[in-house]
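Peer 1: This is the content of start_6.txt (compact mmCIF, C-alpha atoms):
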```txt
# COMPACT_ATOMS: atom_id res chain seq x y z
CA MET A 1276 114.19 132.63 118.65
CA SER A 1277 115.92 132.03 121.96
CA SER A 1278 119.71 132.02 121.89
CA ASP A 1279 119.76 128.93 124.05
CA LEU A 1280 118.57 125.46 123.29
CA LYS A 1281 116.87 123.53 126.09
CA VAL A 1282 118.57 120.15 126.20
CA PHE A 1283 117.58 117.23 128.39
CA LEU A 1284 120.22 114.50 128.57
CA TRP A 1285 119.84 111.04 130.11
CA ARG A 1286 122.08 110.63 133.13
CA GLY A 1287 122.73 107.35 134.90
CA ALA A 1288 122.61 103.78 133.69
CA GLN A 1289 119.49 101.66 133.18
CA ALA A 1290 117.93 103.67 135.98
CA GLY A 1291 118.46 107.39 135.82
CA HIS A 1292 116.85 110.69 134.95
CA TYR A 1293 116.96 113.47 132.37
CA GLN A 1294 119.13 116.45 133.31
CA ALA A 1295 118.47 119.88 131.82
CA PHE A 1296 121.19 121.96 130.16
CA ALA A 1297 121.16 125.21 128.20
CA VAL A 1298 123.27 125.06 125.04
CA PRO A 1299 123.91 128.04 122.73
CA LEU A 1300 121.81 127.68 119.60
CA ARG A 1301 123.75 128.00 116.34
CA GLU A 1302 122.66 128.24 112.76
CA ASN A 1303 124.38 125.03 111.74
CA GLN A 1304 124.51 122.54 114.57
CA THR A 1305 124.15 118.79 114.81
CA VAL A 1306 122.78 116.87 117.76
CA LEU A 1307 126.29 115.50 118.32
CA ASP A 1308 127.59 119.08 118.46
CA VAL A 1309 125.10 119.76 121.25
CA VAL A 1310 126.15 116.71 123.26
CA THR A 1311 129.82 117.54 122.73
CA TYR A 1312 129.22 121.12 123.90
CA VAL A 1313 127.70 119.86 127.14
CA GLN A 1314 130.59 117.48 127.78
CA ARG A 1315 133.28 120.06 127.01
CA HIS A 1316 131.76 123.15 128.60
CA LEU A 1317 129.10 122.18 131.11
CA ASP A 1318 129.68 118.71 132.55
CA PRO A 1319 132.84 116.72 131.71
CA THR A 1320 131.42 113.61 133.40
CA LEU A 1321 128.87 113.12 130.60
CA ALA A 1322 129.50 109.81 128.83
CA TYR A 1323 128.71 109.35 125.16
CA ARG A 1324 130.25 107.65 122.15
CA PHE A 1325 131.37 108.97 118.78
CA ALA A 1326 134.30 108.64 116.41
CA CYS A 1327 134.14 109.89 112.82
CA ARG A 1328 131.52 112.69 113.08
CA VAL A 1329 130.66 112.25 109.39
CA GLY A 1330 128.20 109.37 109.25
CA VAL A 1331 130.60 106.56 108.53
CA CYS A 1332 131.49 104.81 111.77
CA GLY A 1333 128.01 104.29 113.25
CA SER A 1334 129.13 105.07 116.81
CA CYS A 1335 127.02 108.06 117.78
CA ALA A 1336 123.44 106.82 117.50
CA MET A 1337 121.14 108.01 120.29
CA THR A 1338 117.45 108.52 120.93
CA VAL A 1339 116.57 112.09 119.95
CA ASN A 1340 113.11 113.34 120.87
CA GLY A 1341 111.89 109.77 120.97
CA ARG A 1342 113.42 108.51 117.72
CA PRO A 1343 116.69 106.65 117.20
CA ARG A 1344 119.01 108.74 115.02
CA TRP A 1345 122.65 109.10 113.98
CA THR A 1346 123.43 112.27 115.88
CA CYS A 1347 126.40 113.43 113.80
CA ARG A 1348 124.24 113.78 110.69
CA THR A 1349 121.10 115.04 112.41
CA HIS A 1350 120.73 118.80 112.36
CA VAL A 1351 119.17 120.33 115.42
CA SER A 1352 116.92 122.50 113.26
CA LYS A 1353 115.33 119.38 111.75
CA VAL A 1354 114.43 117.69 115.03
CA VAL A 1355 114.03 120.41 117.64
CA ALA A 1356 110.61 120.39 119.28
CA ASP A 1357 109.28 123.27 121.41
CA GLY A 1358 112.75 124.76 121.50
CA GLY A 1359 114.23 121.67 123.06
CA LEU A 1360 115.90 118.33 122.59
CA GLU A 1361 115.51 115.22 124.72
CA ILE A 1362 118.51 112.98 124.10
CA GLY A 1363 118.79 109.50 125.55
CA PRO A 1364 120.69 106.29 124.91
CA LEU A 1365 119.54 103.86 122.21
CA GLU A 1366 116.67 101.64 123.28
CA ASN A 1367 116.77 97.82 123.35
CA LEU A 1368 120.37 97.87 124.59
CA PRO A 1369 121.69 97.99 128.17
CA VAL A 1370 122.92 101.44 129.20
CA ILE A 1371 126.51 101.61 130.44
CA LYS A 1372 126.42 105.26 131.44
CA ASP A 1373 124.46 108.28 130.26
CA LEU A 1374 124.26 108.11 126.45
CA ALA A 1375 126.60 105.13 125.94
CA THR A 1376 124.99 101.71 125.49
CA ASP A 1377 126.54 98.27 125.75
CA MET A 1378 126.43 96.94 122.18
CA SER A 1379 127.82 93.48 123.03
CA ARG A 1380 124.55 91.61 122.42
CA PHE A 1381 124.01 93.55 119.22
CA PHE A 1382 127.29 92.28 117.78
CA GLU A 1383 126.92 88.81 119.31
CA LYS A 1384 123.77 88.51 117.27
CA TRP A 1385 125.78 89.26 114.13
CA GLN A 1386 127.93 86.25 115.06
CA GLU A 1387 124.85 84.10 115.75
CA ALA A 1388 123.45 85.04 112.33
CA LYS A 1389 126.77 83.85 110.81
CA GLY A 1390 127.55 87.35 109.65
CA ALA A 1391 131.21 86.59 109.01
CA PHE A 1392 132.39 85.95 105.46
CA VAL A 1393 133.47 82.34 104.86
CA PRO A 1394 136.12 82.31 102.11
CA THR A 1395 136.19 79.51 99.55
CA LYS A 1396 139.38 80.39 97.71
CA THR A 1397 143.01 81.11 98.40
CA ARG A 1398 145.19 83.90 97.05
CA HIS A 1399 146.40 81.47 94.41
CA ASP A 1400 142.94 80.98 92.87
CA GLU A 1401 141.34 83.11 90.21
CA ILE A 1402 139.25 85.98 91.53
CA GLU A 1403 135.54 85.18 91.32
CA ALA A 1404 133.96 87.10 88.45
CA ILE A 1405 130.72 88.72 89.62
CA ALA A 1406 128.57 90.44 87.03
CA PRO A 1407 127.58 93.87 88.41
CA ALA A 1408 124.05 93.53 87.05
CA SER A 1409 123.43 90.00 88.33
CA ALA A 1410 120.45 89.59 90.66
CA PRO A 1411 122.48 88.39 93.68
CA ARG A 1412 124.95 91.26 93.28
CA LEU A 1413 122.13 93.79 93.11
CA ALA A 1414 120.46 92.25 96.17
CA ALA A 1415 123.72 92.42 98.11
CA ALA A 1416 124.42 95.96 96.93
CA ALA A 1417 121.02 97.14 98.16
CA ALA A 1418 121.83 95.98 101.68
CA ILE A 1419 125.60 96.33 101.99
CA GLU A 1420 126.00 99.92 103.20
CA CYS A 1421 125.14 99.19 106.83
CA ILE A 1422 127.29 101.15 109.29
CA ASN A 1423 126.38 99.01 112.33
CA CYS A 1424 124.92 102.01 114.17
CA GLY A 1425 122.19 100.02 115.93
CA VAL A 1426 119.40 102.43 114.99
CA CYS A 1427 117.30 99.66 113.42
CA HIS A 1428 117.89 97.44 116.45
CA ALA A 1429 116.68 100.23 118.74
CA ALA A 1430 113.65 100.92 116.55
CA CYS A 1431 112.53 97.29 116.24
CA ASP A 1432 109.44 96.20 118.17
CA THR A 1433 110.32 92.53 117.81
CA VAL A 1434 113.76 93.09 119.33
CA ARG A 1435 112.00 94.84 122.21
CA TRP A 1436 109.73 91.93 123.11
CA ASN A 1437 111.75 88.90 121.92
CA GLU A 1438 115.21 88.74 123.45
CA SER A 1439 116.30 85.88 121.21
CA TYR A 1440 115.44 87.73 117.99
CA LEU A 1441 118.60 88.36 115.97
CA GLY A 1442 117.38 91.76 114.83
CA PRO A 1443 117.30 93.63 111.53
CA ALA A 1444 120.99 94.55 111.32
CA ALA A 1445 122.33 91.02 111.83
CA LEU A 1446 119.78 89.53 109.44
CA ASN A 1447 120.47 92.22 106.85
CA ARG A 1448 124.16 91.33 107.06
CA ALA A 1449 123.33 87.63 106.64
CA TRP A 1450 121.30 88.47 103.51
CA THR A 1451 124.27 90.22 101.88
CA LEU A 1452 126.39 87.09 102.42
CA VAL A 1453 123.64 84.76 101.20
CA ASN A 1454 123.92 86.70 97.93
CA ASP A 1455 127.72 86.58 97.84
CA ALA A 1456 128.89 84.00 95.32
CA ARG A 1457 132.32 83.89 96.96
CA ASP A 1458 130.98 82.82 100.35
CA GLY A 1459 130.94 79.18 101.45
CA GLY A 1460 128.95 79.38 104.67
CA ASN A 1461 125.40 79.54 103.45
CA ARG A 1462 124.14 76.21 104.75
CA GLU A 1463 125.15 77.11 108.30
CA ARG A 1464 123.97 80.69 107.80
CA LEU A 1465 120.54 79.72 106.47
CA SER A 1466 120.22 77.20 109.27
CA ALA A 1467 121.07 79.87 111.85
CA VAL A 1468 118.64 82.47 110.53
CA ALA A 1469 115.88 79.86 110.09
CA ALA A 1470 115.93 78.90 113.77
CA ALA A 1471 113.63 80.30 116.45
CA GLY A 1472 114.57 83.96 116.92
CA GLY A 1473 115.70 84.18 113.30
CA CYS A 1474 114.17 85.82 110.25
CA HIS A 1475 110.73 84.25 110.75
CA ALA A 1476 110.29 86.11 114.03
CA CYS A 1477 110.13 89.40 112.07
CA HIS A 1478 106.66 90.94 111.94
CA SER A 1479 107.51 93.23 109.01
CA HIS A 1480 106.61 96.39 110.93
CA GLN A 1481 109.32 98.12 108.85
CA SER A 1482 110.54 100.38 111.66
CA CYS A 1483 114.08 99.40 110.63
CA GLN A 1484 113.48 100.73 107.14
CA GLU A 1485 111.77 103.84 108.49
CA HIS A 1486 114.65 104.78 110.78
CA CYS A 1487 117.75 103.50 108.95
CA PRO A 1488 120.04 106.52 108.40
CA GLN A 1489 121.49 104.81 105.34
CA SER A 1490 118.03 104.34 103.83
CA LEU A 1491 118.49 100.58 103.74
CA ASN A 1492 115.53 98.23 103.88
CA PRO A 1493 116.33 95.40 106.31
CA THR A 1494 112.70 94.26 106.15
CA ALA A 1495 113.22 93.42 102.47
CA SER A 1496 116.44 91.58 103.33
CA ILE A 1497 114.61 89.59 106.00
CA ALA A 1498 111.82 88.78 103.51
CA GLY A 1499 114.53 87.46 101.19
CA LEU A 1500 115.88 85.28 103.99
CA LYS A 1501 112.37 83.96 104.69
CA ARG A 1502 112.02 82.89 101.06
CA ARG A 1503 115.50 81.42 100.83
CA THR A 1504 115.26 79.47 104.09
CA ALA A 1505 111.81 78.12 103.19
CA GLN A 1506 113.21 76.82 99.90
CA ALA A 1507 116.22 75.30 101.67
CA TRP A 1508 114.01 73.61 104.28
CA LEU A 1509 111.64 72.19 101.67
CA ARG A 1510 114.64 70.78 99.79
CA GLY A 1511 115.94 69.20 102.99
CA GLU A 1512 119.11 71.32 102.98
CA ILE A 1513 118.49 72.71 106.47
CA LYS A 1514 116.56 71.59 109.52
CA ALA A 1515 114.19 73.60 111.69
CA ARG A 1516 115.85 74.14 115.04
CA ARG A 1517 116.32 76.49 117.91
CA LEU A 1518 119.23 78.89 118.07
CA GLU A 1519 122.44 77.47 119.51
CA GLY A 1520 122.73 78.06 123.20
CA LYS A 1521 119.16 79.29 123.56
CA ALA A 1522 116.67 77.85 126.01
CA MET B 1236 108.75 80.78 115.00
CA ASN B 1237 111.16 78.70 113.00
CA VAL B 1238 111.18 77.85 109.33
CA ALA B 1239 109.00 74.73 109.69
CA LEU B 1240 106.22 76.60 111.49
CA TYR B 1241 106.56 79.45 108.98
CA VAL B 1242 106.13 77.14 105.99
CA TRP B 1243 103.22 75.27 107.59
CA GLN B 1244 101.44 78.51 108.40
CA ARG B 1245 101.91 79.93 104.89
CA ALA B 1246 100.99 76.64 103.22
CA THR B 1247 97.77 76.26 105.21
CA ALA B 1248 96.92 79.88 104.41
CA ALA B 1249 97.44 79.15 100.72
CA VAL B 1250 95.08 76.17 101.02
CA MET B 1251 92.43 78.18 102.83
CA VAL B 1252 92.31 81.24 100.58
CA PRO B 1253 90.56 79.58 97.59
CA MET B 1254 88.39 77.57 99.99
CA ILE B 1255 87.19 80.78 101.65
CA VAL B 1256 86.25 82.15 98.23
CA VAL B 1257 84.18 79.01 97.58
CA HIS B 1258 82.65 79.21 101.06
CA VAL B 1259 81.64 82.85 100.63
CA ALA B 1260 80.24 82.11 97.17
CA VAL B 1261 78.13 79.33 98.65
CA ILE B 1262 76.83 81.71 101.33
CA PHE B 1263 75.84 84.22 98.64
CA TYR B 1264 74.17 81.47 96.64
CA ALA B 1265 72.23 80.21 99.65
CA THR B 1266 71.00 83.64 100.71
CA ARG B 1267 70.09 84.76 97.18
CA HIS B 1268 68.09 81.60 96.60
CA GLY B 1269 66.41 81.78 99.99
CA LEU B 1270 67.73 78.44 101.17
CA GLY B 1271 66.95 77.64 104.81
CA GLY B 1272 68.75 75.29 107.16
CA ALA B 1273 66.74 72.29 106.08
CA ASP B 1274 67.44 73.00 102.40
CA ILE B 1275 71.16 73.28 103.03
CA LEU B 1276 71.27 70.10 105.12
CA ALA B 1277 69.37 68.30 102.38
CA ARG B 1278 72.16 69.24 99.98
CA THR B 1279 75.12 68.56 102.26
CA GLY B 1280 73.82 65.38 103.89
CA GLY B 1281 75.62 62.40 102.39
CA SER B 1282 77.82 64.59 100.24
CA VAL B 1283 81.34 63.22 100.15
CA GLY B 1284 82.50 66.32 98.27
CA TRP B 1285 81.29 68.85 100.85
CA GLY B 1286 82.46 66.60 103.66
CA ALA B 1287 85.97 66.42 102.20
CA PHE B 1288 85.99 70.14 101.39
CA TYR B 1289 85.13 71.26 104.92
CA ALA B 1290 87.20 68.54 106.59
CA LEU B 1291 90.24 69.82 104.70
CA PHE B 1292 89.37 73.37 105.72
CA VAL B 1293 89.11 72.32 109.37
CA VAL B 1294 92.53 70.65 109.22
CA ALA B 1295 94.14 73.71 107.59
CA ALA B 1296 92.45 76.19 109.94
CA SER B 1297 93.43 74.19 113.03
CA ILE B 1298 97.10 74.11 112.04
CA HIS B 1299 97.15 77.73 110.85
CA ALA B 1300 95.43 79.15 113.92
CA ALA B 1301 97.45 77.05 116.36
CA ILE B 1302 100.74 78.36 114.92
CA GLY B 1303 99.48 81.93 115.13
CA VAL B 1304 98.28 81.50 118.71
CA ARG B 1305 101.61 79.90 119.61
CA ASN B 1306 103.43 83.01 118.35
CA VAL B 1307 101.17 85.34 120.28
CA LEU B 1308 101.61 83.34 123.48
CA ALA B 1309 105.38 83.01 123.01
CA GLU B 1310 105.77 86.75 122.54
CA TRP B 1311 103.20 88.15 124.92
CA SER B 1312 102.78 85.66 127.77
CA ARG B 1313 105.18 84.18 130.29
CA LEU B 1314 104.64 80.65 129.00
CA GLY B 1315 107.89 80.48 127.04
CA ASP B 1316 108.33 78.58 123.78
CA ARG B 1317 107.57 75.17 125.24
CA GLY B 1318 104.52 76.25 127.23
CA ALA B 1319 103.21 78.24 124.28
CA GLY B 1320 103.66 75.18 122.06
CA ILE B 1321 101.68 72.97 124.43
CA ALA B 1322 98.89 75.52 124.89
CA ALA B 1323 98.67 76.20 121.15
CA SER B 1324 98.62 72.47 120.37
CA ALA B 1325 95.71 72.05 122.78
CA PHE B 1326 93.96 74.98 121.09
CA GLY B 1327 94.56 73.51 117.64
CA LEU B 1328 93.27 70.07 118.70
CA THR B 1329 90.16 71.69 120.19
CA LEU B 1330 89.51 73.56 116.94
CA PHE B 1331 90.06 70.34 115.01
CA GLY B 1332 87.64 68.38 117.22
CA LEU B 1333 84.91 71.03 117.17
CA GLY B 1334 85.31 71.64 113.46
CA LEU B 1335 85.24 68.01 112.51
CA ARG B 1336 82.18 67.49 114.73
CA ALA B 1337 80.40 70.26 112.80
CA VAL B 1338 81.43 68.78 109.45
CA VAL B 1339 80.17 65.37 110.48
CA ALA B 1340 76.90 66.89 111.70
CA VAL B 1341 76.06 68.50 108.37
CA THR B 1342 77.39 65.90 105.97
CA LEU B 1343 76.39 62.56 107.50
CA PRO B 1344 73.32 61.28 105.70
```
Mind turning this structure into structure tokens?
Peer 2:
Amino acid sequence: MSSDLKVFLWRGAQAGHYQAFAVPLRENQTVLDVVTYVQRHLDPTLAYRFACRVGVCGSCAMTVNGRPRWTCRTHVSKVVADGGLEIGPLENLPVIKDLATDMSRFFEKWQEAKGAFVPTKTRHDEIEAIAPASAPRLAAAAAIECINCGVCHAACDTVRWNESYLGPAALNRAWTLVNDARDGGNRERLSAVAAAGGCHACHSHQSCQEHCPQSLNPTASIAGLKRRTAQAWLRGEIKARRLEGKA
Amino acid sequence: MNVALYVWQRATAAVMVPMIVVHVAVIFYATRHGLGGADILARTGGSVGWGAFYALFVVAASIHAAIGVRNVLAEWSRLGDRGAGIAASAFGLTLFGLGLRAVVAVTLP
């Protein structure tokens, strides 16, 4: 085995090129370690994003040998191909510089999907009792551990070809709130995710599930939203409409 | 696609599935009994039941296919949502017209 790893890193913004580096190969080494080595020892102008380094913050996702991955929890030995790594920015997001993407639209879509909790009680009210084994609690629990890394967004074909599509992460978040008995925003939320570009735009390719580093299944969450919005529309609780502010 | 188009597409699919089973069964029956075109027309001509059955199928298929074509056009062409809606509506109306013409041709006495 060679003592150096061949690493090709994306340089530039939306337009750019891959630049080759040689990084010492170590027995235990993550993809984030490799990128950090380049920035600290070979080229300090390399831009990338990370924070926690332990798979909690969701900041360090990149495209590694063609697949979106969380780089801090991805061991080089598991993904190296032909002695090398090709590391680029996440797809389906504008590139700011090198490996750092602009995630503004990603999080705007969380807002458009009404991903914010809408409280119904004050501190003076009794705390809502939620049975741990209740169906809504289990549905929320199955989807709640999202770390907002954007891997599913980058892996999604529908996001790629439909700019207005809210995407798997935002819809998965909406599904957790739809199942939250304490939340009071479901009419607006169901209306938002039932509009054009909402849950019904999903083709169920399941790339989000395939790539999610947390092993979540956003496709299942979106299927739940499809059922729930269809029921709400048939009952006349929501109307079919286009997304706010969309052409 | 929004929730209304989604429900219409699923509902028309649900209508068509049992009808397709009946349609295929009729095809098997006709071929196994050696029925020719004239024999089939003799049975369908003047039949309100077969007329209603295939008219309903034509309505469901026209709606179902038009919604699907609208999605394809909206995602893969430069028509946009509105243009795709107009083109798909024209496609659906064409299917409806051609289908109903065929139903009338085989069920009118």
Peer 1: So how many Å separate CA of Leu1365 (chain A) and CA of Met1337 (chain A), to one decimal?
Peer 2: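 Interatomic distance, CA of Leu1365 (chain A) to CA of Met1337 (chain A): 4.8 Å.
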Peer 1: Could you check the closest approach to chain B for each of A:Pro1493, A:Pro1319, A:Gly1473, A:Pro1407 and tell me which residue wins, using all atoms listed in the file?
Peer 2: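 Among the listed residues, the smallest separation from chain B belongs to A:Gly1473.
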Peer 1: Quick one, how far is CA of Leu1307 (chain A) from CA of Pro1369 (chain A)?
Peer 2: 20.6 Å
Peer 1: Counting all atoms listed in the file, which residues from chain B have an atom at most 6 Å from any atom of chain A, and could you show them as a VMD selection string?
Peer 2: chain B and resid 1236 to 1239
Peer 1: Looking at all atoms listed in the file, which of B:Val1293, B:Val1261, B:Ala1301, B:Ala1337 is the one that sits closest to Trp1243 (chain B)?
Peer 2: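 Result for the nearest residue to Trp1243 (chain B): B:Ala1301.
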Peer 1: Around (135.0, 79.2, 104.6) in the file's frame, which residues reach within 6 Å when counting all atoms listed in the file? Return as a PyMOL selection string?
Peer 2: chain A and resi 1393-1395+1459
Peer 1: When you draw a straight line from CA of Ala1297 (chain A) to CA of Ser1278 (chain A), how long is it in Å?
Peer 2: 9.4 Å
Peer 1: Take the point (77.9, 60.3, 103.9) as written in the file and pick out every residue within 10 Å of it, counting all atoms listed in the file; give the list as a PyMOL selection string.
Peer 2: chain B and resi 1279-1286+1339+1341-1344
Peer 1: Neighbours of region 1330-1333 of chain B within 7 Å (all atoms listed in the file; same-chain residues fewer than 2 positions away dropped), as a ChimeraX atom specification?
Peer 2: /B:1293-1294,1297,1326-1328,1335-1337
Peer 1: Export C-alpha atoms of the chosen residues as an mmCIF file, in the coordinates of the input?
Peer 2:
```cif
data_model
loop_
_atom_site.group_PDB
_atom_site.id
_atom_site.type_symbol
_atom_site.label_atom_id
_atom_site.label_comp_id
_atom_site.auth_asym_id
_atom_site.auth_seq_id
_atom_site.Cartn_x
_atom_site.Cartn_y
_atom_site.Cartn_z
ATOM 1 C CA VAL B 1293 89.110 72.320 109.370
ATOM 2 C CA VAL B 1294 92.530 70.650 109.220
ATOM 3 C CA SER B 1297 93.430 74.190 113.030
ATOM 4 C CA PHE B 1326 93.960 74.980 121.090
ATOM 5 C CA GLY B 1327 94.560 73.510 117.640
ATOM 6 C CA LEU B 1328 93.270 70.070 118.700
ATOM 7 C CA LEU B 1335 85.240 68.010 112.510
ATOM 8 C CA ARG B 1336 82.180 67.490 114.730
ATOM 9 C CA ALA B 1337 80.400 70.260 112.800
#
```
Peer 1: With all atoms listed in the file as the atoms that count, which of A:Trp1385, A:Asp1308, A:Trp1345, A:Asp1455 lies nearest to Ala1410 (chain A)?
Peer 2: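 Answer, going by the shortest atom-to-atom distance: A:Asp1455.
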Peer 1: Give me, as a ChimeraX atom specification, all polymer residues having an atom no more than 12 Å from region 1251-1256 of chain B, counting all atoms listed in the file and skipping those fewer than 3 positions away in the same chain.
Peer 2: /B:1244-1248,1259-1263,1285,1287-1300
Peer 1: Between A:Ala1375, A:Val1329, A:Cys1427, A:Val1453, which one has atoms that come closest to Arg1412 (chain A), using only C-alpha atoms?
Peer 2: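 Closest residue, counting only C-alpha atoms: A:Val1453.
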